[in-house]
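Trainee: Starting off with a structure, shown below.
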Amino acid sequence: MIFRLSYYNETVEAELDAWPVGLRARFRALSVRMEEYGPNLGMPHTRALGNGLFEIRAKAEEGIGRVFFCTMVGRKIIILHSFIKKTDKTPKRELDIALTRQKEVISNEL
């Protein structure tokens, strides 16, 4: 199974590139595994949030990062949004950004 990973836009990719080195390395390792084995790596690496939205759960010495993504027909994984967690619960604002982008990606795909 080969999946193709792409980003919602260049800003999303640049934000991930600006993550601290340990978190960035963890995200890259998980994304390589997703390209080879598919997006469902299971807990604690990935988690389904419902309605076709998923998260990558990156953890390193520098903190905890979350990357929201969705999958599309043709074995495509679209990275929608990322952030570094500061609280235990995912902020609604961060989730809303991902959901809005997911709707846009799906409507452009139809």
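Following the order of the structure tokens, chains are lettered A, B, ..., residues in each are numbered from 1, and ligands are numbered from 1.
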Pick out the residues sitting within 6 Å of region 77-93 of chain A, and hand them over as a list of chain:residue names; count only C-alpha atoms, and ignore anything fewer than 4 positions along from it in its own chain.
Mentor: A:Leu5, A:Ser6, A:Tyr7, A:Tyr8, A:Ile64, A:Gly65, A:Arg66, A:Val67, A:Phe68, A:Phe69, A:Cys70, A:Thr71, A:Ala98
Trainee: Would you list the contacts of Glu35 (chain A) as a PDB file with C-alpha atoms, in the first residue's frame, taking every protein, DNA or RNA residue within 9 Å and counting only C-alpha atoms, but skipping same-chain residues closer than 3 positions in sequence?
Mentor:
```
ATOM      1  CA  MET A   1       0.000   0.000   0.000  1.00  0.00           C
ATOM      2  CA  ILE A   2       1.465   3.302  -1.014  1.00  0.00           C
ATOM      3  CA  PHE A   3      -0.243   6.505   0.106  1.00  0.00           C
ATOM      4  CA  ARG A   4       0.629   9.990  -1.047  1.00  0.00           C
ATOM      5  CA  LEU A   5       0.876  12.684   1.617  1.00  0.00           C
ATOM      6  CA  LEU A  30       4.941   8.895  11.563  1.00  0.00           C
ATOM      7  CA  SER A  31       4.182  10.406   8.147  1.00  0.00           C
ATOM      8  CA  VAL A  32       6.647   8.021   6.464  1.00  0.00           C
ATOM      9  CA  GLY A  38      -1.797   3.739   5.474  1.00  0.00           C
ATOM     10  CA  PRO A  39      -3.213   6.454   7.702  1.00  0.00           C
ATOM     11  CA  ARG A  75      -4.832   6.881  -1.412  1.00  0.00           C
ATOM     12  CA  LYS A  76      -4.227  10.553  -0.625  1.00  0.00           C
ATOM     13  CA  ILE A  77      -3.563  11.887   2.857  1.00  0.00           C
TER      14      ILE A  77
END
```
Trainee: From a backbone DSSP assignment, name each residue in chain A labelled alpha helix (DSSP H), as a PyMOL selection string.
Mentor: chain A and resi 10-17+21-37+92-109
Trainee: Kindly indicate which residue among A:Gly63, A:Leu16, A:Gly74, A:Ala58 lies nearest to Ala29 (chain A), using only C-alpha atoms for the distances.
Mentor: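 The closest residue to Ala29 (chain A) is A:Ala58.
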Trainee: Given the choices A:Leu95, A:Ile106, A:Val73, A:Ile56, which gets closest to Met34 (chain A) if the distance is worked out from only C-alpha atoms?
Mentor: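 Comparing A:Leu95, A:Ile106, A:Val73, A:Ile56 against Met34 (chain A), the winner is A:Ile56.
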Trainee: Using DSSP on the backbone, list every residue of region 30-66 of chain A that comes out as strand (DSSP E or B), and give them as number ranges by chain.
Mentor: A: 46-50, 53-60, 63-66
Trainee: Which of these residues is nearest to Gly50 (chain A), using only C-alpha atoms: A:Glu13, A:Arg26, A:Arg33, A:Gln102?
Mentor: A:Gln102
Trainee: Choose the residue, out of A:Leu23, A:Leu99, A:Val12, A:Leu41, that has the smallest atom-to-atom separation from Leu53 (chain A); count only C-alpha atoms.
Mentor: A:Leu99
Trainee: I need the residue nearest Arg101 (chain A) from this list: A:His45, A:Trp19, A:Ala25, A:Asn9. Use only C-alpha atoms for the distance.
Mentor: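 The closest residue to Arg101 (chain A) is A:Asn9.
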